[in-house]
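Trainee: Input file: protein36.txt. Contents: compact mmCIF, C-alpha atoms and all ligand atoms.
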```
# COMPACT_ATOMS: atom_id res chain seq x y z
CA MET A 178 0.00 0.00 0.00
CA THR A 179 1.35 3.41 -0.94
CA MET A 180 1.83 5.73 2.00
CA HIS A 181 0.86 9.41 1.88
CA ASP A 182 2.04 12.41 3.86
CA GLY A 183 -0.31 14.61 5.84
CA GLU A 184 -1.11 16.72 2.79
CA GLY A 185 -1.98 13.70 0.65
CA HIS A 186 1.22 13.44 -1.39
CA ALA A 187 2.16 9.85 -2.27
CA LEU A 188 5.43 8.67 -0.70
CA THR A 189 6.94 5.95 -2.87
CA GLY A 190 8.79 3.32 -0.87
CA ALA A 191 7.64 4.49 2.57
CA THR A 192 6.39 2.30 5.38
CA ALA A 193 4.10 3.62 8.10
CA GLU A 194 7.05 3.81 10.51
CA ALA A 195 9.28 5.54 7.95
CA ARG A 196 6.55 8.03 7.06
CA ASP A 197 6.30 9.06 10.73
CA LEU A 198 10.08 9.40 10.97
CA PHE A 199 10.02 11.44 7.76
CA GLU A 200 7.34 13.79 9.10
CA HIS A 201 9.46 14.30 12.22
CA ALA A 202 12.54 15.09 10.11
CA LEU A 203 10.54 17.63 8.11
CA GLU A 204 9.23 19.20 11.30
CA LEU A 205 12.80 19.69 12.54
CA GLN A 206 13.72 21.10 9.14
CA ARG A 207 10.89 23.61 8.97
CA CYS A 208 11.52 24.72 12.56
CA TYR A 209 15.33 24.82 12.09
CA LEU A 210 15.68 22.65 15.17
CA GLY A 211 18.01 19.89 16.30
CA ASP A 212 19.56 17.56 13.76
CA PRO A 213 17.25 17.06 10.77
CA LEU A 214 19.95 15.17 8.89
CA GLU A 215 20.21 12.56 11.63
CA ALA A 216 16.42 12.25 11.56
CA ILE A 217 16.34 11.72 7.81
CA ASP A 218 19.13 9.14 8.06
CA ARG A 219 16.99 7.21 10.53
CA THR A 220 14.12 7.42 8.05
CA ILE A 221 16.26 5.94 5.30
CA THR A 222 17.45 3.17 7.60
CA ALA A 223 13.81 2.31 8.31
CA ALA A 224 12.89 2.28 4.59
CA PRO A 225 15.89 2.23 2.23
CA GLY A 226 13.59 2.42 -0.81
CA PHE A 227 11.84 5.64 0.36
CA ALA A 228 12.38 8.07 -2.52
CA MET A 229 11.46 11.34 -0.79
CA ALA A 230 13.69 10.48 2.17
CA HIS A 231 16.75 10.25 -0.11
CA ILE A 232 15.73 13.41 -1.94
CA THR A 233 15.21 15.27 1.33
CA ARG A 234 18.61 14.12 2.51
CA GLY A 235 20.02 15.75 -0.62
CA TRP A 236 18.16 19.00 0.06
CA MET A 237 19.33 19.07 3.66
CA ASN A 238 22.91 18.71 2.50
CA LEU A 239 22.55 21.52 0.00
CA ILE A 240 20.96 24.34 1.94
CA GLY A 241 24.07 24.86 4.07
CA THR A 242 26.10 25.55 0.88
CA GLU A 243 29.01 23.56 2.34
CA PRO A 244 31.34 22.14 -0.31
CA ARG A 245 31.00 18.60 1.05
CA GLY A 246 27.22 19.01 1.06
CA PHE A 247 27.15 19.21 -2.73
CA ALA A 248 29.00 15.90 -3.02
CA ASN A 249 26.69 14.28 -0.46
CA ALA A 250 23.67 15.54 -2.38
CA ARG A 251 24.93 14.05 -5.64
CA GLN A 252 25.12 10.70 -3.86
CA SER A 253 21.57 11.12 -2.55
CA HIS A 254 20.45 11.99 -6.07
CA ALA A 255 21.98 8.78 -7.42
CA ASN A 256 20.28 6.79 -4.63
CA ALA A 257 16.90 8.39 -5.27
CA ALA A 258 16.94 8.28 -9.07
CA PRO A 259 15.67 4.69 -9.45
CA LEU A 260 13.16 5.12 -6.60
CA ALA A 261 11.28 8.34 -7.46
CA LYS A 262 8.07 7.48 -9.32
CA THR A 263 5.39 10.18 -8.99
CA PRO A 264 5.58 13.45 -10.94
CA ARG A 265 6.14 15.35 -7.69
CA GLU A 266 8.99 13.07 -6.65
CA ARG A 267 10.53 13.26 -10.13
CA ALA A 268 10.35 17.08 -10.05
CA HIS A 269 12.01 17.14 -6.62
CA LEU A 270 14.69 14.79 -7.91
CA GLU A 271 15.30 16.92 -10.99
CA ALA A 272 15.56 20.15 -8.99
CA MET A 273 17.81 18.61 -6.33
CA GLY A 274 20.13 17.28 -9.02
CA GLN A 275 20.26 20.71 -10.62
CA LEU A 276 21.28 22.37 -7.37
CA ALA A 277 23.76 19.58 -6.58
CA ASN A 278 25.39 20.43 -9.91
CA CYS A 279 25.52 24.10 -9.01
CA ASP A 280 22.69 25.16 -11.29
CA PHE A 281 20.93 27.26 -8.66
CA HIS A 282 18.82 29.24 -11.12
CA THR A 283 17.35 26.22 -12.92
CA ALA A 284 16.69 24.45 -9.62
CA ALA A 285 14.73 27.52 -8.44
CA ALA A 286 12.67 27.42 -11.64
CA THR A 287 12.00 23.68 -11.40
CA LEU A 288 10.81 24.09 -7.82
CA GLN A 289 8.71 27.08 -8.84
CA ARG A 290 6.68 24.87 -11.17
CA LEU A 291 6.54 22.09 -8.58
CA SER A 292 5.09 24.52 -6.04
CA ILE A 293 2.52 25.79 -8.54
CA ASP A 294 1.36 22.19 -9.06
CA HIS A 295 1.70 21.14 -5.41
CA PRO A 296 1.24 24.27 -3.27
CA ARG A 297 0.97 22.30 -0.01
CA ASP A 298 4.39 20.70 -0.45
CA LEU A 299 6.04 22.69 2.32
CA LEU A 300 9.50 21.23 1.75
CA ALA A 301 9.48 22.46 -1.86
CA LEU A 302 8.40 25.92 -0.72
CA GLN A 303 11.04 26.06 1.99
CA ILE A 304 13.89 24.89 -0.23
CA GLY A 305 12.73 27.17 -3.04
CA HIS A 306 12.69 30.09 -0.59
CA HIS A 307 16.32 29.35 0.34
CA ILE A 308 17.41 29.08 -3.28
CA ASP A 309 15.68 32.39 -4.05
CA PHE A 310 17.81 33.81 -1.24
CA PHE A 311 21.00 32.27 -2.66
CA VAL A 312 20.40 33.79 -6.09
CA GLY A 313 19.21 37.13 -4.69
CA ASP A 314 15.69 36.92 -6.12
CA ALA A 315 13.73 39.00 -3.61
CA ARG A 316 10.54 38.98 -5.63
CA MET A 317 10.39 35.19 -5.71
CA MET A 318 11.27 34.99 -2.01
CA ARG A 319 7.98 36.80 -1.51
CA ASP A 320 5.81 35.52 -4.36
CA ARG A 321 6.73 31.83 -4.30
CA ILE A 322 5.06 31.86 -0.88
CA ALA A 323 2.25 34.28 -1.75
CA ARG A 324 1.12 31.98 -4.57
CA ALA A 325 0.66 29.07 -2.17
CA LEU A 326 -0.83 30.85 0.85
CA PRO A 327 -4.52 30.65 -0.20
CA GLU A 328 -4.18 26.86 -0.52
CA TRP A 329 -3.32 26.62 3.17
CA SER A 330 -5.17 27.07 6.43
CA GLU A 331 -3.82 27.85 9.87
CA ASP A 332 -4.72 24.42 11.22
CA ARG A 333 -2.32 22.59 8.87
CA PRO A 334 0.94 21.34 10.47
CA GLY A 335 3.79 23.71 9.73
CA TYR A 336 1.53 26.51 8.54
CA HIS A 337 3.47 29.06 10.63
CA LEU A 338 6.45 28.77 8.28
CA LEU A 339 4.43 30.28 5.42
CA PRO A 340 3.84 33.70 6.98
CA ALA A 341 7.42 33.52 8.35
CA MET A 342 8.85 33.00 4.85
CA HIS A 343 6.43 35.48 3.33
CA ALA A 344 7.57 38.02 5.92
CA PHE A 345 11.22 37.63 4.94
CA GLY A 346 10.35 37.95 1.25
CA LEU A 347 8.27 41.04 1.93
CA GLU A 348 11.13 42.53 3.92
CA GLU A 349 13.66 41.89 1.16
CA CYS A 350 11.20 43.61 -1.24
CA GLY A 351 11.06 46.63 1.07
CA ASP A 352 7.50 46.17 2.31
CA TYR A 353 8.41 46.55 5.96
CA VAL A 354 4.93 47.13 7.37
CA GLU A 355 3.43 43.95 5.94
CA ALA A 356 6.65 42.03 6.62
CA GLU A 357 6.48 42.89 10.29
CA ARG A 358 2.79 42.04 10.45
CA GLN A 359 3.31 38.62 8.87
CA GLY A 360 6.45 37.91 10.91
CA ARG A 361 4.76 38.74 14.18
CA ARG A 362 1.75 36.64 13.16
CA ALA A 363 3.98 33.64 12.45
CA ALA A 364 5.77 34.06 15.78
CA ALA A 365 2.41 34.25 17.58
CA LEU A 366 1.17 31.12 15.81
CA HIS A 367 4.31 29.22 16.74
CA PRO A 368 6.28 30.79 19.60
CA GLY A 369 9.97 30.21 19.01
CA ASP A 370 9.66 30.15 15.20
CA SER A 371 13.20 31.26 14.51
CA TRP A 372 12.50 32.12 10.84
CA ALA A 373 9.74 34.50 11.94
CA GLN A 374 12.04 35.89 14.64
CA HIS A 375 14.63 36.46 11.94
CA ALA A 376 12.24 38.14 9.50
CA VAL A 377 11.15 40.71 12.05
CA ALA A 378 14.79 41.23 13.06
CA HIS A 379 15.48 42.17 9.44
CA VAL A 380 12.65 44.71 9.45
CA MET A 381 14.08 46.37 12.57
CA GLU A 382 17.55 46.37 11.03
CA MET A 383 16.45 47.93 7.76
CA GLN A 384 14.42 50.62 9.49
CA GLY A 385 17.14 51.37 12.04
CA ARG A 386 14.72 50.57 14.91
CA LEU A 387 17.61 49.58 17.13
CA LYS A 388 16.02 49.65 20.59
CA GLU A 389 12.91 47.88 19.30
CA GLY A 390 15.14 45.32 17.61
CA LEU A 391 16.97 44.68 20.85
CA ALA A 392 13.66 44.37 22.70
CA TRP A 393 12.44 41.89 20.07
CA MET A 394 15.54 39.73 20.35
CA ARG A 395 16.27 40.14 24.06
CA ASP A 396 12.73 39.53 25.33
CA ASP A 397 13.10 35.75 25.43
CA PRO A 398 16.21 34.53 23.56
CA GLU A 399 15.83 31.06 25.02
CA LEU A 400 12.64 30.69 23.02
CA TRP A 401 14.23 31.28 19.59
CA SER A 402 17.78 30.11 20.25
CA ARG A 403 17.41 26.82 22.12
CA ASP A 404 18.59 23.98 19.89
CA SER A 405 18.05 26.27 16.87
CA LEU A 406 20.11 26.04 13.72
CA LEU A 407 19.45 29.76 13.28
CA ALA A 408 20.63 30.79 16.74
CA ILE A 409 24.03 32.05 15.60
CA HIS A 410 22.57 34.09 12.78
CA ASN A 411 19.86 35.56 14.98
CA TRP A 412 22.46 36.51 17.60
CA TRP A 413 24.43 38.10 14.75
CA HIS A 414 21.39 40.27 14.02
CA THR A 415 21.24 41.19 17.70
CA ALA A 416 24.89 42.25 17.55
CA LEU A 417 24.16 44.52 14.58
CA TYR A 418 21.76 46.63 16.69
CA HIS A 419 24.39 47.01 19.41
CA LEU A 420 26.97 47.90 16.78
CA ASP A 421 24.80 50.62 15.29
CA LEU A 422 24.32 52.05 18.79
CA GLY A 423 28.11 52.04 19.28
CA GLU A 424 27.91 49.42 22.06
CA ILE A 425 31.13 47.71 21.07
CA ASP A 426 31.58 45.76 24.31
CA GLU A 427 28.16 44.17 23.80
CA VAL A 428 29.10 43.23 20.24
CA LEU A 429 32.34 41.58 21.36
CA THR A 430 30.55 39.77 24.18
CA LEU A 431 28.06 38.33 21.69
CA TYR A 432 30.83 37.49 19.23
CA ASP A 433 32.86 35.63 21.85
CA GLY A 434 29.71 33.99 23.21
CA PRO A 435 26.72 32.79 21.20
CA ILE A 436 28.00 33.87 17.77
CA PHE A 437 31.48 32.39 17.69
CA GLY A 438 32.12 30.87 21.12
CA THR A 439 31.77 27.35 19.80
CA LYS A 440 33.83 28.17 16.68
CA PRO A 441 31.33 26.55 14.33
CA PRO A 442 33.25 25.38 11.25
CA PHE A 443 30.55 26.09 8.65
CA SER A 444 30.83 28.54 5.77
CA MET A 445 27.71 30.51 6.64
CA THR A 446 28.61 30.99 10.28
CA LEU A 447 32.23 31.80 9.44
CA GLY A 448 30.88 34.32 6.95
CA ASP A 449 28.65 36.01 9.51
CA ALA A 450 31.48 36.03 12.06
CA GLY A 451 33.90 37.63 9.61
CA ALA A 452 31.36 40.17 8.44
CA LEU A 453 30.91 41.25 12.06
CA LEU A 454 34.67 41.51 12.63
CA TRP A 455 35.00 43.46 9.38
CA ARG A 456 32.37 45.97 10.55
CA LEU A 457 34.31 46.36 13.82
CA MET A 458 37.60 46.70 11.93
CA LEU A 459 36.10 49.51 9.83
CA ARG A 460 35.51 51.35 13.10
CA GLY A 461 39.08 50.77 14.26
CA VAL A 462 38.19 48.35 17.08
CA ASP A 463 41.09 46.25 18.45
CA LEU A 464 40.11 42.64 17.68
CA GLY A 465 43.00 40.80 19.32
CA ASP A 466 43.56 37.39 17.76
CA ARG A 467 39.97 36.98 16.55
CA TRP A 468 40.86 37.34 12.87
CA ASP A 469 43.57 34.67 13.15
CA VAL A 470 41.22 32.20 14.83
CA LEU A 471 38.62 32.81 12.13
CA ALA A 472 41.09 32.57 9.24
CA ASP A 473 42.38 29.25 10.61
CA LEU A 474 38.86 27.88 10.52
CA TRP A 475 38.32 29.03 6.94
CA THR A 476 41.37 26.99 5.91
CA GLN A 477 39.60 23.92 7.34
CA VAL A 478 36.47 24.24 5.18
CA GLU A 479 36.80 21.12 3.11
CA GLY A 480 36.58 21.01 -0.63
CA ARG A 481 36.05 23.51 -3.35
CA SER A 482 33.47 26.21 -2.78
CA LEU A 483 30.56 26.18 -5.17
CA TYR A 484 28.97 29.32 -3.81
CA ALA A 485 30.95 32.51 -4.40
CA PHE A 486 29.12 34.42 -1.65
CA ASN A 487 31.05 32.26 0.82
CA ASP A 488 34.35 32.82 -1.01
CA ALA A 489 33.98 36.58 -0.79
CA HIS A 490 33.59 36.16 2.97
CA ALA A 491 36.68 33.94 3.10
CA VAL A 492 38.66 36.70 1.37
CA MET A 493 37.34 39.16 3.95
CA ALA A 494 38.65 36.96 6.78
CA TYR A 495 42.06 36.41 5.17
CA VAL A 496 42.48 40.12 4.53
CA GLY A 497 41.43 40.84 8.10
CA ALA A 498 44.02 38.38 9.39
CA GLY A 499 46.71 39.87 7.16
CA ARG A 500 47.04 36.63 5.17
CA ARG A 501 47.26 38.30 1.80
CA SER A 502 48.49 35.25 -0.10
CA LYS A 503 45.49 33.19 1.05
CA ALA A 504 43.15 35.97 -0.08
CA VAL A 505 44.84 36.00 -3.47
CA GLU A 506 44.43 32.22 -3.67
CA VAL A 507 40.69 32.47 -3.15
CA ILE A 508 40.46 35.27 -5.71
CA ALA A 509 42.24 33.02 -8.22
CA ALA A 510 39.66 30.29 -7.52
CA LEU A 511 36.89 32.84 -8.08
CA GLU A 512 38.47 33.79 -11.42
CA GLU A 513 38.41 30.13 -12.40
CA ALA A 514 34.78 29.77 -11.27
CA ALA A 515 33.86 32.90 -13.23
CA ALA A 516 34.98 31.19 -16.43
CA GLY A 517 32.52 28.31 -15.89
CA ASP A 518 28.98 27.93 -17.17
CA ASN A 519 26.98 27.35 -13.99
CA SER A 520 25.33 29.61 -11.45
CA ASN A 521 28.57 30.02 -9.55
CA ALA A 522 30.10 31.56 -12.68
CA ILE A 523 27.39 34.25 -12.51
CA PHE A 524 27.86 34.80 -8.75
CA SER A 525 31.63 34.99 -9.20
CA SER A 526 31.97 37.08 -12.33
CA GLN A 527 29.27 39.63 -11.63
CA VAL A 528 29.69 40.19 -7.90
CA ALA A 529 32.09 38.08 -5.85
CA LEU A 530 35.21 38.93 -7.84
CA PRO A 531 34.91 42.73 -7.70
CA VAL A 532 33.84 42.46 -4.06
CA ALA A 533 36.79 40.22 -3.13
CA ARG A 534 39.19 42.51 -4.99
CA ALA A 535 37.72 45.47 -3.14
CA PHE A 536 38.33 43.78 0.23
CA LEU A 537 41.92 43.09 -0.83
CA ALA A 538 42.39 46.70 -1.95
CA PHE A 539 41.07 47.90 1.42
CA GLY A 540 43.55 45.64 3.20
CA ASP A 541 46.34 47.01 1.01
CA GLY A 542 45.40 50.55 1.96
CA ASP A 543 44.28 51.29 -1.59
CA TYR A 544 41.06 53.00 -0.55
CA THR A 545 40.54 54.77 -3.85
CA GLY A 546 40.81 51.43 -5.67
CA CYS A 547 38.48 49.80 -3.17
CA ALA A 548 35.82 52.46 -3.69
CA ALA A 549 36.17 52.27 -7.48
CA LEU A 550 35.51 48.52 -7.34
CA LEU A 551 32.52 48.79 -4.98
CA LEU A 552 30.65 51.66 -6.59
CA PRO A 553 29.45 49.76 -9.67
CA VAL A 554 28.89 46.41 -7.95
CA ILE A 555 26.82 47.47 -4.94
CA PRO A 556 23.62 48.10 -6.94
CA ILE A 557 23.78 44.61 -8.46
CA ALA A 558 25.29 42.78 -5.48
CA HIS A 559 22.01 40.97 -4.77
CA ARG A 560 22.92 38.74 -7.70
CA PHE A 561 25.30 36.73 -5.50
CA GLY A 562 22.65 36.28 -2.86
CA GLY A 563 22.43 37.09 0.81
CA SER A 564 20.19 39.66 2.44
CA HIS A 565 20.22 43.44 2.37
CA ALA A 566 21.55 43.32 5.94
CA GLN A 567 24.42 41.01 4.96
CA ARG A 568 25.34 43.00 1.86
CA ASP A 569 25.31 46.19 3.93
CA VAL A 570 28.94 45.37 4.72
CA LEU A 571 29.70 46.52 1.17
CA ASP A 572 28.09 49.91 1.75
CA LEU A 573 29.88 50.27 5.07
CA THR A 574 33.20 49.43 3.42
CA LEU A 575 32.56 51.97 0.68
CA ILE A 576 31.75 54.70 3.21
CA GLU A 577 34.93 54.05 5.19
CA ALA A 578 37.01 53.78 2.01
CA ALA A 579 35.67 57.16 0.89
CA PHE A 580 36.73 58.73 4.19
CA ARG A 581 40.16 57.12 4.16
CA ALA A 582 40.74 58.08 0.52
CA ASP A 583 39.85 61.68 1.43
CA ASP A 584 37.25 61.51 -1.31
CA GLU A 585 34.96 64.09 0.22
CA PRO A 586 32.31 64.20 -2.54
CA LEU A 587 31.99 60.43 -2.41
CA ALA A 588 31.73 60.44 1.40
CA ARG A 589 28.99 63.06 1.21
CA ALA A 590 27.13 61.14 -1.47
CA VAL A 591 27.18 57.68 0.11
CA THR A 592 26.35 58.93 3.59
CA ALA A 593 23.46 60.96 2.16
CA GLU A 594 22.24 57.78 0.45
CA ARG A 595 22.39 55.95 3.76
CA LYS A 596 20.58 58.67 5.66
CA ALA A 597 17.75 58.63 3.13
CA ALA A 598 17.37 54.85 3.45
CA LYS A 599 17.93 54.53 7.20
CA PRO A 600 17.28 57.88 8.88
CA HIS A 601 16.88 56.54 12.43
CA SER A 602 20.21 54.73 12.61
CA VAL A 603 22.64 56.22 15.12
CA PHE A 604 25.64 55.18 13.04
CA THR A 605 24.13 56.63 9.86
CA GLU A 606 23.66 60.00 11.51
CA ALA A 607 27.26 59.91 12.78
CA VAL A 608 28.81 59.24 9.38
CA PHE A 609 26.44 61.69 7.71
CA GLN A 610 27.65 64.44 10.05
CA ARG A 611 31.28 63.30 9.77
CA ALA A 612 31.15 63.62 5.98
CA ARG A 613 29.74 67.10 6.24
CA ALA A 614 32.15 68.22 8.94
CA ALA A 615 35.11 67.10 6.87
CA ALA A 616 33.89 68.09 3.47
CA VAL A 617 34.15 71.19 1.45
CA VAL A 618 30.64 71.98 0.23
CA PRO A 619 30.67 71.54 -3.55
CA ALA A 620 30.14 74.64 -5.64
FE FE A 701 19.50 37.52 8.32
```
Could you express the structure from this file as structure tokens?
Ligand SMILES: [Fe+2]
Mentor:
Amino acid sequence: MTMHDGEGHALTGATAEARDLFEHALELQRCYLGDPLEAIDRTITAAPGFAMAHITRGWMNLIGTEPRGFANARQSHANAAPLAKTPRERAHLEAMGQLANCDFHTAAATLQRLSIDHPRDLLALQIGHHIDFFVGDARMMRDRIARALPEWSEDRPGYHLLPAMHAFGLEECGDYVEAERQGRRAAALHPGDSWAQHAVAHVMEMQGRLKEGLAWMRDDPELWSRDSLLAIHNWWHTALYHLDLGEIDEVLTLYDGPIFGTKPPFSMTLGDAGALLWRLMLRGVDLGDRWDVLADLWTQVEGRSLYAFNDAHAVMAYVGAGRRSKAVEVIAALEEAAAGDNSNAIFSSQVALPVARAFLAFGDGDYTGCAALLLPVIPIAHRFGGSHAQRDVLDLTLIEAAFRADDEPLARAVTAERKAAKPHSVFTEAVFQRARAAAVVPA
């Protein structure tokens, strides 16, 4: 007898026991809790012929963008290929194989069609949402979810993730009022929903609502951080509010504690850690040996990166640690990736290479060169993924490079841009005034 999941999708190869284990693994996945990979491995052990379990194992390996994850996913794809039978399973298999082969854009499109045909397949929506994030497609981050929402009701298991994802998409599209409304609704539906917590954190960040952001994060951190795979990133957001307020000791306490205290050896967490150190470095904060510790960990990331967003962050860390030759090595790898024909070629050639070269120029003290590299790439930097808040490190670098290059017109221009976008930020006001105090008013 063919098993079905709670939404009525056929699960080829599942047993009743394996279906329950699978549902548990998906629950962990959609709540970013615990160890979903271990849960899916137990599912496969219970039913080795369970197609969606192998496919889901592939997805779980891919959304961390770790080099070894791509290889693991290709193995899962090979395991699932003879097992997947239904059109939905075949579409999942096709999309997962595309992402495993670094074709992010086609995988996003394949999942888009899958979600149109199967709008209550929450895994497809969640993975699609992440791929939209990786390719910097804000509109699809919002609308992939909006298309499916009317097919759902609040009583369905996992429903809370839909308004949480919709909130993040709305935020990345600049609709902060509706983003906050949806994010708060998701958090109320499922207290501790760390994706909803994160979406509202982004709204506060973008609007420079620093005290409100701290209240949102500090009210009950245990709720959103306990056993959460998003805890580090959500603490990183908390640190950004303190940083904007100039509370450097608080930032360093968070960095040495929940952000980097366990020295998590994953590209995304290393990237966030380095991006926080870089922001502190721009302000002239003494960082002790933190850059060295971080750079050592980057050297331990196994295998070849297939996501240039991570490589740009590795360059940042090597430059910060003064390891120029390692930074140049990564830039050479990005040049090679840029000559390819997959999504990583697009990420590398259009964004990661000029960004990495700009970080290197900053480290070399070539602030004019750094600014010249960043000016044209910042408006298109979403094409290598990440959020507005993450890519803000580029704007911050450009502002500081303008000051250090004594390029007064540029400093005036980029700080005016920032003030228009984020008028309530303490830091924005400080650099806006600094540019005007230093500058000669243009004729
Ligand atoms: Fe974020």
Trainee: Name the residues in contact with A:Ala416 at a cut-off of 12 Å, using all atoms listed in the file, excluding same-chain residues fewer than 4 positions from it; report them as a ChimeraX atom specification.
Mentor: /A:378,382,387-388,390-391,394-395,409-412,420-437,449-450,452-454,456-457
Trainee: Within 9 Å of ligand FE 701 (chain A), counting only C-alpha atoms and all ligand atoms, which protein or nucleic acid residues do you find, written as a short mmCIF file (atom, residue, chain, number, x, y, z; two decimals) with C-alpha atoms, in the frame of the given file?
Mentor:
```
data_model
loop_
_atom_site.label_atom_id
_atom_site.label_comp_id
_atom_site.auth_asym_id
_atom_site.auth_seq_id
_atom_site.Cartn_x
_atom_site.Cartn_y
_atom_site.Cartn_z
CA PHE A 345 11.22 37.63 4.94
CA HIS A 375 14.63 36.46 11.94
CA ALA A 376 12.24 38.14 9.50
CA ALA A 378 14.79 41.23 13.06
CA HIS A 379 15.48 42.17 9.44
CA HIS A 410 22.57 34.09 12.78
CA ASN A 411 19.86 35.56 14.98
CA TRP A 413 24.43 38.10 14.75
CA HIS A 414 21.39 40.27 14.02
CA GLY A 563 22.43 37.09 0.81
CA SER A 564 20.19 39.66 2.44
CA HIS A 565 20.22 43.44 2.37
CA ALA A 566 21.55 43.32 5.94
CA GLN A 567 24.42 41.01 4.96
#
```
Trainee: Would you mind reading off the distance between atom CA of A:Asp583 and atom CA of A:Ile557, one decimal, in Å?
Mentor: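 For atom CA of A:Asp583 relative to atom CA of A:Ile557, the distance reads 25.4 Å.
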Trainee: Let me make sure I understand: among A:Val591, A:Glu577, A:Phe443, A:Asp518, which one has the smallest atom-to-atom distance to A:Leu552 if we use all atoms listed in the file?
Mentor: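 Using all atoms listed in the file, A:Leu552 sits closest to A:Val591.
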Trainee: For A:Arg589, which residue among A:Pro556, A:Arg358, A:Arg613, A:Leu573 is the nearest when counting all atoms listed in the file?
Mentor: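 Among A:Pro556, A:Arg358, A:Arg613, A:Leu573, it is A:Arg613 that comes nearest to A:Arg589.
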Trainee: So that I can check the surroundings of stretch 246-263 of chain A, please list as a VMD selection string every protein, DNA and RNA residue that reaches within 7 Å of it, counting all atoms listed in the file and ignoring chain neighbours fewer than 5 positions away.
Mentor: chain A and resid 189 226 228 231 to 232 234 to 236 238 to 239 270 274 277
Trainee: When distances are computed from only C-alpha atoms, which of A:Val492, A:Leu575, A:Ala498, A:Ile304 shows the smallest separation from A:Leu530?
Mentor: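 Closest residue, counting only C-alpha atoms: A:Val492.
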